[in-house]
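Report on one structure; see the data block that follows.
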Number of protein chains: 2
Amino acid sequence: MALYLGFDAGGTKTDCALADENNVIARTQNGSIKPLRVTAAQAEANMRGLLDEISKQSGIDLKQVAVSCVGTAGVRFPQTKEWMEQIISRHAGGQIFVVGDETTALDAAFPGQAGVLVIGGTGSNILGRTSTGETFNVGGWGSALGDEGSGYWIGHEGLKRALRAHDFQQPTMIIEKVMRFWSAATLGDLANIGNQTPFPDFSQLAPLVVECAEAGDGVALDVLRLGGQMLGENAVHAVRRLRALEPDAPFPGIAFVGGILKSVAFVRESMVETIHRALPTVEVLPEAVDPVIGALWRARNRVH
Amino acid sequence: MALYLGFDAGGTKTDCALADENNVIARTQNGSIKPLRVTAAQAEANMRGLLDEISKQSGIDLKQVAVSCVGTAGVRFPQTKEWMEQIISRHAGGQIFVVGDETTALDAAFPGQAGVLVIGGTGSNILGRTSTGETFNVGGWGSALGDEGSGYWIGHEGLKRALRAHDFQQPTMIIEKVMRFWSAATLGDLANIGNQTPFPDFSQLAPLVVECAEAGDGVALDVLRLGGQMLGENAVHAVRRLRALEPDAPFPGIAFVGGILKSVAFVRESMVETIHRALPTVEVLPEAVDPVIGALWRARNRVH
């Protein structure tokens with residue numbers, strides 16, 4: 001029986017699974033193997049660690065692998081593809097496919113089919129794919145220009161709205177939490193840190209906004225709900241664009257992935273509610289997808 | 001009859017007027033005299049240019065001046081005050097007062113009295129002042145955290161909303177104009193420029209958004225109206241705070257200053273409308289105030 005490796009190569013970690021035609025045999029996680037994120041030596045060591053662990057769990061020599069598929073960001077840079085091929089081929093046999101991580105995420109939900117993927121992590125983006133593989137984005141303009149509902153957006157929008165609430169003498173816990181996090185003694189210090197060049201990494205404030213929402217803070221709740229609503233609006237528009245491109249195809253489903261949508265129920269529920277208000281019959285998958293499963297589907301079906 | 005000099009020392013230009021107790025005798029404008037903006041030699045040359053022109057217009061030896069008052073930003077830095085005193089005292093006689101430019105702007109409208117000043121230029125801020133000189137701000141958190149309705153906010157918000165409109169297949173001219181301005185060949189280039197570190201100066205895009213609004217662009221019009229509305233809401237809240245601090249005082253009036261409020265009718269009219277909807281009887285001055293007039297009032301009345 002043929003063997004396959006699937007990878008999800010992110011900026012901070014790499015997920016990997018070994019499978020045969022039907023089942024996952026072994027699975028593990030290690031540090032990043034992405035260029036720009038880690039050195040060549042570190043990527044090589046992380047890959048060796050991943051595959052040693054997979055071999056140990058399964059008792060299988062990975063030189064017998066028929067096809068590997070890696071989903072990763074940055075595939076538009078030729079060096080990303082070459083680098084992935086090099087470090088995998090040193091340890092595993094067979095063909096190697098490198099594709100975008102949004103593609104493997106979509107395949108985890110809708111293998112090779114039409115569908116919509118909502119990505120909500122540090123950044124955000126919405127991907128639509130037709131049954132013939134044509135794709136388009138809604139949103140995803142980066143932290144400076146959009147990425148609504150992302151961790152960066154939640155942190156930034158949370159602080160901006162908290163300061164406006166403070167001006168209007170409305171209560172919020174966000175400012176106090178951010179002051180403590182940034183070691184700002186006064187509101188003037190906070191404004192100086194928030195306006196420094198380059199701007200601070202507002203995504204680090206997202207967990208503080210989520211904590212405030214969990215404690216019932218109205219400003220924080222509004223921000224998380226609005227983020228989910230905007231992601232939902234983008235997803236609805238992606239479905240409508242798919243319907244316009246393929247009016248006779250079955251209704252496309254919606255999947256999601258990313259730390260914010262996975263772990264922040266306020267955002268996820270607001271997104272699902274927004275989608276179902278506009279499109280009551282569309283299927284939204286209940287759990288965040290696992291891109292490694294999509295990578296294995298591509299490897300098994302030799303789709304690249 | 002005593003003579004007075006009033007200055008409005010901004011980041012790009014300096015306004016100056018010579019007056020007696022009742023009338024302005026001569027008036028002119030020259031480059032900045034602010035530390036950090038220009039060198040000591042340049043500031044000195046600009047000041048000499050200003051005062052030579054004032055002397056020439058009036059035929060008056062400025063060593064006879066009794067009091068000069070400068071309104072400028074950055075008075076919380078002790079060096080700003082010293083620097084202004086030094087370069088003025090080389091050319092003009094008498095006492096020299098250096099105060100915040102928002103103070104001279106307020107005095108231009110409401111000399112020494114309670115009032116609200118809306119500042120809408122590259123940045124934005126709202127200042128409230130009680131009859132006893134106590135002040136507070138509403139907004140003004142800087143370009144990263146607020147400054148709603150400012151040139152920076154209009155450029156940034158205009159581009160963000162234009163990209164979202166584009167995603168939703170709604171028409172707007174803003175993207176095309178920004179692409180030409182930034183020499184971006186594709187939307188990908190535009191996103192890269194907009195997300196560079198540090199972020200680009202979005203205030204440079206404000207004139208493009210205004211041009212689009214003048215041509216009837218719906219997205220641009222929405223941004224300008226929202227900016228004016230948020231400035232108006234801040235001004236209304238400042239009036240309410242003044243009323244709470246001094247319930248028995250006459251109703252405070254609202255003045256405004258800054259390039260956006262002076263030259264962009266869409267923003268100004270939306271602000272005034274928002275104010276009058278909430279506070280129908282409050283007086284909003286029809287024209288942007290001239291801070292030099294406030295500086296002359298302080299000089300004449302020796303208030304500092």
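Going by the structure tokens order, chains are called A, B, ..., each with residues numbered from 1, while ligands are numbered from 1 in the order shown.
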Return the neighbours of chain A among the residues of chain B, cut-off 9 Å, counting only C-alpha atoms, as a ChimeraX atom specification. /B:137-139,141-146,156-157,159-161,163-164,166-168,188,191-192,194-199,234,237-238
Next, write the just-selected residues to a file, as a PDB file, in the first residue's frame, keeping C-alpha atoms as the atom set.
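selection_7.pdb, freshly written:
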```pdb
ATOM      1  CA  ASN B 137      -9.366  66.901  25.346  1.00  0.00           C
ATOM      2  CA  VAL B 138     -11.789  64.663  23.512  1.00  0.00           C
ATOM      3  CA  GLY B 139     -10.024  62.560  20.849  1.00  0.00           C
ATOM      4  CA  TRP B 141      -5.009  60.104  20.313  1.00  0.00           C
ATOM      5  CA  GLY B 142      -2.698  60.324  17.297  1.00  0.00           C
ATOM      6  CA  SER B 143      -2.862  58.814  13.820  1.00  0.00           C
ATOM      7  CA  ALA B 144      -2.444  55.205  15.011  1.00  0.00           C
ATOM      8  CA  LEU B 145      -5.170  55.324  17.660  1.00  0.00           C
ATOM      9  CA  GLY B 146      -7.773  57.837  16.535  1.00  0.00           C
ATOM     10  CA  HIS B 156      -6.339  55.821   5.559  1.00  0.00           C
ATOM     11  CA  GLU B 157     -10.068  55.196   6.005  1.00  0.00           C
ATOM     12  CA  LEU B 159      -8.323  53.545   1.072  1.00  0.00           C
ATOM     13  CA  LYS B 160      -9.526  50.830   3.505  1.00  0.00           C
ATOM     14  CA  ARG B 161     -13.178  51.405   2.585  1.00  0.00           C
ATOM     15  CA  LEU B 163     -10.674  48.146  -0.946  1.00  0.00           C
ATOM     16  CA  ARG B 164     -13.692  46.707   0.856  1.00  0.00           C
ATOM     17  CA  HIS B 166     -13.824  46.727  -4.454  1.00  0.00           C
ATOM     18  CA  ASP B 167     -14.182  43.312  -2.758  1.00  0.00           C
ATOM     19  CA  PHE B 168     -17.942  43.788  -2.770  1.00  0.00           C
ATOM     20  CA  GLY B 188      -0.812  43.615  -5.079  1.00  0.00           C
ATOM     21  CA  ALA B 191      -1.273  46.383  -0.810  1.00  0.00           C
ATOM     22  CA  ASN B 192       2.523  46.046  -0.472  1.00  0.00           C
ATOM     23  CA  GLY B 194       0.107  50.276   2.067  1.00  0.00           C
ATOM     24  CA  ASN B 195       1.501  47.596   4.405  1.00  0.00           C
ATOM     25  CA  GLN B 196       5.158  48.580   4.310  1.00  0.00           C
ATOM     26  CA  THR B 197       7.057  49.141   7.589  1.00  0.00           C
ATOM     27  CA  PRO B 198       6.698  51.866   8.739  1.00  0.00           C
ATOM     28  CA  PHE B 199       3.271  52.508   7.204  1.00  0.00           C
ATOM     29  CA  ASN B 234     -16.565  64.744  20.018  1.00  0.00           C
ATOM     30  CA  HIS B 237     -19.393  65.648  24.196  1.00  0.00           C
ATOM     31  CA  ALA B 238     -16.931  68.465  24.985  1.00  0.00           C
TER      32      ALA B 238
END
```
Who sits within 10 Å of Ser263 (chain A), only C-alpha atoms, same chain under 3 positions skipped, as an mmCIF file with all heavy atoms, in the first residue's frame:
```cif
data_model
loop_
_atom_site.group_PDB
_atom_site.id
_atom_site.type_symbol
_atom_site.label_atom_id
_atom_site.label_comp_id
_atom_site.auth_asym_id
_atom_site.auth_seq_id
_atom_site.Cartn_x
_atom_site.Cartn_y
_atom_site.Cartn_z
ATOM 1 N N GLY A 121 -6.749 34.446 11.645
ATOM 2 C CA GLY A 121 -5.658 34.257 12.608
ATOM 3 C C GLY A 121 -5.070 35.616 12.929
ATOM 4 O O GLY A 121 -5.818 36.564 13.170
ATOM 5 N N VAL A 210 -9.956 39.835 24.249
ATOM 6 C CA VAL A 210 -10.772 38.631 24.465
ATOM 7 C C VAL A 210 -11.031 38.426 25.967
ATOM 8 O O VAL A 210 -12.167 38.155 26.374
ATOM 9 C CB VAL A 210 -10.095 37.385 23.836
ATOM 10 C CG1 VAL A 210 -10.856 36.118 24.198
ATOM 11 C CG2 VAL A 210 -10.007 37.545 22.313
ATOM 12 N N GLY A 258 -7.665 29.024 11.481
ATOM 13 C CA GLY A 258 -6.949 30.143 12.103
ATOM 14 C C GLY A 258 -7.270 30.274 13.579
ATOM 15 O O GLY A 258 -8.373 29.946 14.022
ATOM 16 N N GLY A 259 -6.287 30.764 14.315
ATOM 17 C CA GLY A 259 -6.369 30.790 15.772
ATOM 18 C C GLY A 259 -7.540 31.570 16.331
ATOM 19 O O GLY A 259 -8.160 31.162 17.306
ATOM 20 N N ILE A 260 -7.866 32.711 15.718
ATOM 21 C CA ILE A 260 -8.962 33.529 16.253
ATOM 22 C C ILE A 260 -10.279 32.785 16.077
ATOM 23 O O ILE A 260 -11.057 32.635 17.035
ATOM 24 C CB ILE A 260 -9.010 34.911 15.556
ATOM 25 C CG1 ILE A 260 -7.779 35.758 15.919
ATOM 26 C CG2 ILE A 260 -10.312 35.657 15.899
ATOM 27 C CD1 ILE A 260 -7.692 36.233 17.347
ATOM 28 N N PHE A 266 -16.788 34.267 20.467
ATOM 29 C CA PHE A 266 -17.536 35.499 20.150
ATOM 30 C C PHE A 266 -17.410 35.839 18.663
ATOM 31 O O PHE A 266 -18.385 36.239 18.025
ATOM 32 C CB PHE A 266 -17.009 36.679 20.968
ATOM 33 C CG PHE A 266 -17.171 36.533 22.455
ATOM 34 C CD1 PHE A 266 -16.058 36.447 23.285
ATOM 35 C CD2 PHE A 266 -18.436 36.498 23.032
ATOM 36 C CE1 PHE A 266 -16.207 36.331 24.661
ATOM 37 C CE2 PHE A 266 -18.592 36.386 24.404
ATOM 38 C CZ PHE A 266 -17.470 36.295 25.225
ATOM 39 N N VAL A 267 -16.201 35.709 18.126
ATOM 40 C CA VAL A 267 -15.960 36.038 16.716
ATOM 41 C C VAL A 267 -16.603 34.978 15.822
ATOM 42 O O VAL A 267 -17.327 35.289 14.874
ATOM 43 C CB VAL A 267 -14.437 36.140 16.419
ATOM 44 C CG1 VAL A 267 -14.208 36.449 14.942
ATOM 45 C CG2 VAL A 267 -13.791 37.206 17.296
ATOM 46 N N ARG A 268 -16.344 33.715 16.157
ATOM 47 C CA ARG A 268 -16.848 32.613 15.325
ATOM 48 C C ARG A 268 -18.380 32.630 15.273
ATOM 49 O O ARG A 268 -18.983 32.540 14.209
ATOM 50 C CB ARG A 268 -16.354 31.289 15.905
ATOM 51 C CG ARG A 268 -16.751 30.078 15.085
ATOM 52 C CD ARG A 268 -16.145 28.804 15.658
ATOM 53 N NE ARG A 268 -16.582 28.553 17.031
ATOM 54 C CZ ARG A 268 -15.808 28.571 18.111
ATOM 55 N NH1 ARG A 268 -14.522 28.847 18.002
ATOM 56 N NH2 ARG A 268 -16.296 28.323 19.311
ATOM 57 N N ALA A 288 -12.931 24.171 13.032
ATOM 58 C CA ALA A 288 -11.855 24.654 12.170
ATOM 59 C C ALA A 288 -11.260 23.465 11.417
ATOM 60 O O ALA A 288 -11.114 22.382 11.988
ATOM 61 C CB ALA A 288 -10.770 25.343 13.001
#
```
Could you pull out the helix (DSSP H, G or I) residues of region 100-277 of chain B, going by DSSP on the backbone, and write them as a PyMOL selection string? chain B and resi 101-109+151-167+174-181+187-194+202-214+218-245+259-263+265-277
Rounded to one decimal place, report the CA of Asp248 (chain B)-CA of Thr132 (chain B) distance in Å. 13.2 Å
Per DSSP on the backbone, filter region 38-175 of chain B down to the residues in strand (DSSP E) and report them as a VMD selection string. chain B and resid 67 to 72 95 to 100 115 to 120 124 to 129 135 to 138
If you count only C-alpha atoms, which residues fall within 9 Å of Met271 (chain B), apart from same-chain ones fewer than 4 positions away, as an mmCIF file with C-alpha atoms, in the first residue's frame?
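In the end it all went to selection00.cif:
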```cif
data_model
loop_
_atom_site.group_PDB
_atom_site.id
_atom_site.type_symbol
_atom_site.label_atom_id
_atom_site.label_comp_id
_atom_site.auth_asym_id
_atom_site.auth_seq_id
_atom_site.Cartn_x
_atom_site.Cartn_y
_atom_site.Cartn_z
ATOM 1 C CA ARG B 225 -19.256 62.631 6.186
ATOM 2 C CA LEU B 226 -18.317 60.039 8.812
ATOM 3 C CA GLY B 227 -15.164 62.004 9.678
ATOM 4 C CA GLY B 228 -17.230 65.172 10.149
ATOM 5 C CA GLN B 229 -19.806 63.256 12.167
ATOM 6 C CA MET B 230 -17.157 61.861 14.539
ATOM 7 C CA LEU B 231 -15.610 65.329 15.003
ATOM 8 C CA GLY B 232 -19.123 66.655 15.682
ATOM 9 C CA GLU B 233 -19.826 63.915 18.237
ATOM 10 C CA ALA B 235 -17.452 68.459 20.043
ATOM 11 C CA LEU B 261 -12.170 71.815 8.376
ATOM 12 C CA PHE B 266 -18.165 67.871 3.236
ATOM 13 C CA VAL B 267 -16.382 67.347 6.569
ATOM 14 C CA ILE B 275 -23.571 69.311 16.433
ATOM 15 C CA HIS B 276 -26.854 71.055 15.669
#
```
Can you pull out every residue within 7 Å of Val118 (chain A), counting only C-alpha atoms, but drop anything in the same chain fewer than 6 positions away, and send it as a ChimeraX atom specification? /A:125-127,235,255-257
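The protein and nucleic acid residues lying at most 8 Å from Lys63 (chain A) are His91, Ala92, Gly93 and Gly94 of chain A, with only C-alpha atoms considered and sequence neighbours fewer than 6 positions away removed.
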Export of prior selection with all heavy atoms as a short mmCIF file (atom, residue, chain, number, x, y, z; two decimals), in the first residue's frame:
```
data_model
loop_
_atom_site.label_atom_id
_atom_site.label_comp_id
_atom_site.auth_asym_id
_atom_site.auth_seq_id
_atom_site.Cartn_x
_atom_site.Cartn_y
_atom_site.Cartn_z
N HIS A 91 15.05 13.45 3.55
CA HIS A 91 14.59 12.49 4.55
C HIS A 91 13.50 11.55 4.05
O HIS A 91 13.28 10.50 4.63
CB HIS A 91 14.05 13.23 5.78
CG HIS A 91 15.06 14.15 6.38
ND1 HIS A 91 16.03 13.73 7.24
CD2 HIS A 91 15.26 15.48 6.21
CE1 HIS A 91 16.79 14.75 7.59
NE2 HIS A 91 16.34 15.83 6.98
N ALA A 92 12.77 11.95 3.00
CA ALA A 92 11.63 11.14 2.57
C ALA A 92 11.72 10.90 1.06
O ALA A 92 12.26 11.75 0.33
CB ALA A 92 10.32 11.87 2.90
N GLY A 93 11.19 9.76 0.61
CA GLY A 93 11.22 9.41 -0.81
C GLY A 93 10.05 10.04 -1.55
O GLY A 93 9.23 10.74 -0.96
N GLY A 94 10.01 9.78 -2.88
CA GLY A 94 8.84 10.11 -3.69
C GLY A 94 8.76 11.54 -4.17
O GLY A 94 9.68 12.35 -3.99
#
```
Please measure the separation of CA of His304 (chain A) and CA of Thr80 (chain A), giving the value in Å to one decimal. 15.5 Å
Distance CA of Leu208 (chain A)-CA of Phe181 (chain A), one decimal place? 8.7 Å
Find the spatial neighbours of Leu5 (chain A), counting only C-alpha atoms, within a cut-off of 12 Å - ignore same-chain residues fewer than 5 positions away - and output them as a PDB file with N, CA and C atoms, in the first residue's frame.
```pdb
ATOM      1  N   ASP A  15       3.013  21.162  11.109  1.00  0.00           N
ATOM      2  CA  ASP A  15       2.245  19.945  11.390  1.00  0.00           C
ATOM      3  C   ASP A  15       2.573  18.928  10.320  1.00  0.00           C
ATOM      4  N   CYS A  16       2.657  17.638  10.708  1.00  0.00           N
ATOM      5  CA  CYS A  16       2.991  16.612   9.732  1.00  0.00           C
ATOM      6  C   CYS A  16       2.240  15.322  10.043  1.00  0.00           C
ATOM      7  N   ALA A  17       1.771  14.642   8.989  1.00  0.00           N
ATOM      8  CA  ALA A  17       1.114  13.345   9.181  1.00  0.00           C
ATOM      9  C   ALA A  17       1.564  12.370   8.104  1.00  0.00           C
ATOM     10  N   LEU A  18       1.725  11.094   8.492  1.00  0.00           N
ATOM     11  CA  LEU A  18       2.003   9.998   7.561  1.00  0.00           C
ATOM     12  C   LEU A  18       0.714   9.196   7.435  1.00  0.00           C
ATOM     13  N   ALA A  19       0.345   8.836   6.195  1.00  0.00           N
ATOM     14  CA  ALA A  19      -0.905   8.112   5.995  1.00  0.00           C
ATOM     15  C   ALA A  19      -0.753   7.107   4.860  1.00  0.00           C
ATOM     16  N   ASP A  20      -1.640   6.108   4.850  1.00  0.00           N
ATOM     17  CA  ASP A  20      -1.774   5.263   3.659  1.00  0.00           C
ATOM     18  C   ASP A  20      -2.999   5.762   2.895  1.00  0.00           C
ATOM     19  N   GLU A  21      -3.552   4.928   2.018  1.00  0.00           N
ATOM     20  CA  GLU A  21      -4.686   5.401   1.214  1.00  0.00           C
ATOM     21  C   GLU A  21      -5.869   5.848   2.073  1.00  0.00           C
ATOM     22  N   ASN A  23      -5.927   5.766   6.007  1.00  0.00           N
ATOM     23  CA  ASN A  23      -5.803   6.162   7.411  1.00  0.00           C
ATOM     24  C   ASN A  23      -4.527   6.937   7.692  1.00  0.00           C
ATOM     25  N   VAL A  24      -4.594   7.789   8.715  1.00  0.00           N
ATOM     26  CA  VAL A  24      -3.391   8.445   9.233  1.00  0.00           C
ATOM     27  C   VAL A  24      -2.680   7.442  10.135  1.00  0.00           C
ATOM     28  N   ILE A  25      -1.390   7.217   9.881  1.00  0.00           N
ATOM     29  CA  ILE A  25      -0.618   6.212  10.622  1.00  0.00           C
ATOM     30  C   ILE A  25       0.129   6.862  11.792  1.00  0.00           C
ATOM     31  N   ALA A  26       0.675   8.061  11.541  1.00  0.00           N
ATOM     32  CA  ALA A  26       1.424   8.752  12.604  1.00  0.00           C
ATOM     33  C   ALA A  26       1.296  10.246  12.365  1.00  0.00           C
ATOM     34  N   ARG A  27       1.457  11.012  13.447  1.00  0.00           N
ATOM     35  CA  ARG A  27       1.231  12.440  13.320  1.00  0.00           C
ATOM     36  C   ARG A  27       2.040  13.183  14.379  1.00  0.00           C
ATOM     37  N   THR A  28       2.633  14.327  14.025  1.00  0.00           N
ATOM     38  CA  THR A  28       3.373  15.111  15.028  1.00  0.00           C
ATOM     39  C   THR A  28       3.506  16.571  14.598  1.00  0.00           C
ATOM     40  N   LEU A  50      10.807  16.218  13.041  1.00  0.00           N
ATOM     41  CA  LEU A  50       9.451  15.797  12.641  1.00  0.00           C
ATOM     42  C   LEU A  50       9.470  14.373  12.120  1.00  0.00           C
ATOM     43  N   LEU A  51      10.388  14.124  11.179  1.00  0.00           N
ATOM     44  CA  LEU A  51      10.343  12.851  10.456  1.00  0.00           C
ATOM     45  C   LEU A  51      10.922  11.708  11.301  1.00  0.00           C
ATOM     46  N   ILE A  54       7.959  10.713  13.360  1.00  0.00           N
ATOM     47  CA  ILE A  54       6.989   9.979  12.524  1.00  0.00           C
ATOM     48  C   ILE A  54       7.483   8.538  12.298  1.00  0.00           C
ATOM     49  N   SER A  55       8.787   8.388  12.006  1.00  0.00           N
ATOM     50  CA  SER A  55       9.378   7.053  11.802  1.00  0.00           C
ATOM     51  C   SER A  55       9.263   6.219  13.069  1.00  0.00           C
ATOM     52  N   ILE A  60       8.116   2.976  10.256  1.00  0.00           N
ATOM     53  CA  ILE A  60       8.227   2.939   8.787  1.00  0.00           C
ATOM     54  C   ILE A  60       9.416   3.763   8.310  1.00  0.00           C
ATOM     55  N   LEU A  62      10.856   6.247   5.889  1.00  0.00           N
ATOM     56  CA  LEU A  62      10.143   7.244   5.079  1.00  0.00           C
ATOM     57  C   LEU A  62      10.673   7.330   3.649  1.00  0.00           C
ATOM     58  N   LYS A  63      11.757   6.603   3.348  1.00  0.00           N
ATOM     59  CA  LYS A  63      12.216   6.536   1.948  1.00  0.00           C
ATOM     60  C   LYS A  63      11.168   5.819   1.079  1.00  0.00           C
ATOM     61  N   GLN A  64      10.242   5.072   1.742  1.00  0.00           N
ATOM     62  CA  GLN A  64       9.184   4.376   0.998  1.00  0.00           C
ATOM     63  C   GLN A  64       7.994   5.276   0.632  1.00  0.00           C
ATOM     64  N   VAL A  65       7.984   6.543   1.125  1.00  0.00           N
ATOM     65  CA  VAL A  65       6.855   7.443   0.857  1.00  0.00           C
ATOM     66  C   VAL A  65       6.723   7.698  -0.653  1.00  0.00           C
ATOM     67  N   ALA A  66       5.501   7.657  -1.163  1.00  0.00           N
ATOM     68  CA  ALA A  66       5.263   7.848  -2.599  1.00  0.00           C
ATOM     69  C   ALA A  66       5.122   9.331  -2.959  1.00  0.00           C
ATOM     70  N   VAL A  67       4.342  10.072  -2.167  1.00  0.00           N
ATOM     71  CA  VAL A  67       4.113  11.490  -2.451  1.00  0.00           C
ATOM     72  C   VAL A  67       4.020  12.277  -1.139  1.00  0.00           C
ATOM     73  N   SER A  68       4.670  13.420  -1.114  1.00  0.00           N
ATOM     74  CA  SER A  68       4.508  14.366   0.003  1.00  0.00           C
ATOM     75  C   SER A  68       3.835  15.624  -0.536  1.00  0.00           C
ATOM     76  N   CYS A  69       2.972  16.221   0.281  1.00  0.00           N
ATOM     77  CA  CYS A  69       2.384  17.515  -0.101  1.00  0.00           C
ATOM     78  C   CYS A  69       2.505  18.484   1.071  1.00  0.00           C
ATOM     79  N   VAL A  70       3.047  19.671   0.773  1.00  0.00           N
ATOM     80  CA  VAL A  70       3.226  20.721   1.786  1.00  0.00           C
ATOM     81  C   VAL A  70       2.291  21.880   1.458  1.00  0.00           C
ATOM     82  N   GLY A  71       1.522  22.298   2.453  1.00  0.00           N
ATOM     83  CA  GLY A  71       0.774  23.550   2.327  1.00  0.00           C
ATOM     84  C   GLY A  71       1.507  24.619   3.113  1.00  0.00           C
ATOM     85  N   ILE A  88      12.750  18.277   2.478  1.00  0.00           N
ATOM     86  CA  ILE A  88      11.954  17.048   2.574  1.00  0.00           C
ATOM     87  C   ILE A  88      12.675  15.894   1.858  1.00  0.00           C
ATOM     88  N   SER A  89      13.248  16.175   0.684  1.00  0.00           N
ATOM     89  CA  SER A  89      13.847  15.096  -0.111  1.00  0.00           C
ATOM     90  C   SER A  89      15.059  14.474   0.589  1.00  0.00           C
ATOM     91  N   HIS A  91      15.050  13.453   3.549  1.00  0.00           N
ATOM     92  CA  HIS A  91      14.586  12.488   4.554  1.00  0.00           C
ATOM     93  C   HIS A  91      13.503  11.551   4.051  1.00  0.00           C
ATOM     94  N   ALA A  92      12.771  11.952   2.997  1.00  0.00           N
ATOM     95  CA  ALA A  92      11.628  11.145   2.565  1.00  0.00           C
ATOM     96  C   ALA A  92      11.716  10.904   1.062  1.00  0.00           C
ATOM     97  N   GLY A  93      11.190   9.755   0.613  1.00  0.00           N
ATOM     98  CA  GLY A  93      11.223   9.414  -0.807  1.00  0.00           C
ATOM     99  C   GLY A  93      10.050  10.045  -1.547  1.00  0.00           C
ATOM    100  N   GLY A  94      10.010   9.781  -2.879  1.00  0.00           N
ATOM    101  CA  GLY A  94       8.835  10.113  -3.691  1.00  0.00           C
ATOM    102  C   GLY A  94       8.765  11.545  -4.175  1.00  0.00           C
ATOM    103  N   GLN A  95       7.618  11.842  -4.793  1.00  0.00           N
ATOM    104  CA  GLN A  95       7.358  13.175  -5.336  1.00  0.00           C
ATOM    105  C   GLN A  95       7.045  14.160  -4.216  1.00  0.00           C
ATOM    106  N   ILE A  96       7.304  15.433  -4.482  1.00  0.00           N
ATOM    107  CA  ILE A  96       6.978  16.471  -3.482  1.00  0.00           C
ATOM    108  C   ILE A  96       6.181  17.594  -4.157  1.00  0.00           C
ATOM    109  N   PHE A  97       4.994  17.868  -3.623  1.00  0.00           N
ATOM    110  CA  PHE A  97       4.182  18.998  -4.105  1.00  0.00           C
ATOM    111  C   PHE A  97       4.204  20.093  -3.046  1.00  0.00           C
ATOM    112  N   VAL A  98       4.334  21.339  -3.494  1.00  0.00           N
ATOM    113  CA  VAL A  98       4.240  22.467  -2.567  1.00  0.00           C
ATOM    114  C   VAL A  98       3.106  23.372  -3.050  1.00  0.00           C
ATOM    115  N   VAL A 292      -3.551  19.690   7.296  1.00  0.00           N
ATOM    116  CA  VAL A 292      -2.752  18.484   7.010  1.00  0.00           C
ATOM    117  C   VAL A 292      -3.620  17.456   6.279  1.00  0.00           C
ATOM    118  N   ILE A 293      -4.892  17.387   6.638  1.00  0.00           N
ATOM    119  CA  ILE A 293      -5.813  16.438   5.996  1.00  0.00           C
ATOM    120  C   ILE A 293      -5.989  16.800   4.512  1.00  0.00           C
ATOM    121  N   GLY A 294      -6.008  18.104   4.216  1.00  0.00           N
ATOM    122  CA  GLY A 294      -6.084  18.542   2.826  1.00  0.00           C
ATOM    123  C   GLY A 294      -4.791  18.224   2.077  1.00  0.00           C
ATOM    124  N   ALA A 295      -3.656  18.377   2.752  1.00  0.00           N
ATOM    125  CA  ALA A 295      -2.362  18.065   2.119  1.00  0.00           C
ATOM    126  C   ALA A 295      -2.307  16.566   1.798  1.00  0.00           C
ATOM    127  N   LEU A 296      -2.807  15.720   2.704  1.00  0.00           N
ATOM    128  CA  LEU A 296      -2.820  14.265   2.452  1.00  0.00           C
ATOM    129  C   LEU A 296      -3.732  13.934   1.274  1.00  0.00           C
ATOM    130  N   TRP A 297      -4.870  14.639   1.176  1.00  0.00           N
ATOM    131  CA  TRP A 297      -5.775  14.388   0.045  1.00  0.00           C
ATOM    132  C   TRP A 297      -5.064  14.686  -1.280  1.00  0.00           C
ATOM    133  N   ARG A 298      -4.326  15.826  -1.316  1.00  0.00           N
ATOM    134  CA  ARG A 298      -3.577  16.194  -2.524  1.00  0.00           C
ATOM    135  C   ARG A 298      -2.494  15.160  -2.831  1.00  0.00           C
ATOM    136  N   ALA A 299      -1.796  14.697  -1.786  1.00  0.00           N
ATOM    137  CA  ALA A 299      -0.725  13.710  -1.998  1.00  0.00           C
ATOM    138  C   ALA A 299      -1.327  12.409  -2.546  1.00  0.00           C
ATOM    139  N   ARG A 300      -2.384  11.939  -1.929  1.00  0.00           N
ATOM    140  CA  ARG A 300      -3.010  10.669  -2.361  1.00  0.00           C
ATOM    141  C   ARG A 300      -3.524  10.759  -3.792  1.00  0.00           C
ATOM    142  N   ARG A 302      -2.506  12.939  -6.019  1.00  0.00           N
ATOM    143  CA  ARG A 302      -1.491  13.523  -6.921  1.00  0.00           C
ATOM    144  C   ARG A 302      -2.037  14.753  -7.657  1.00  0.00           C
TER     145      ARG A 302
END
```
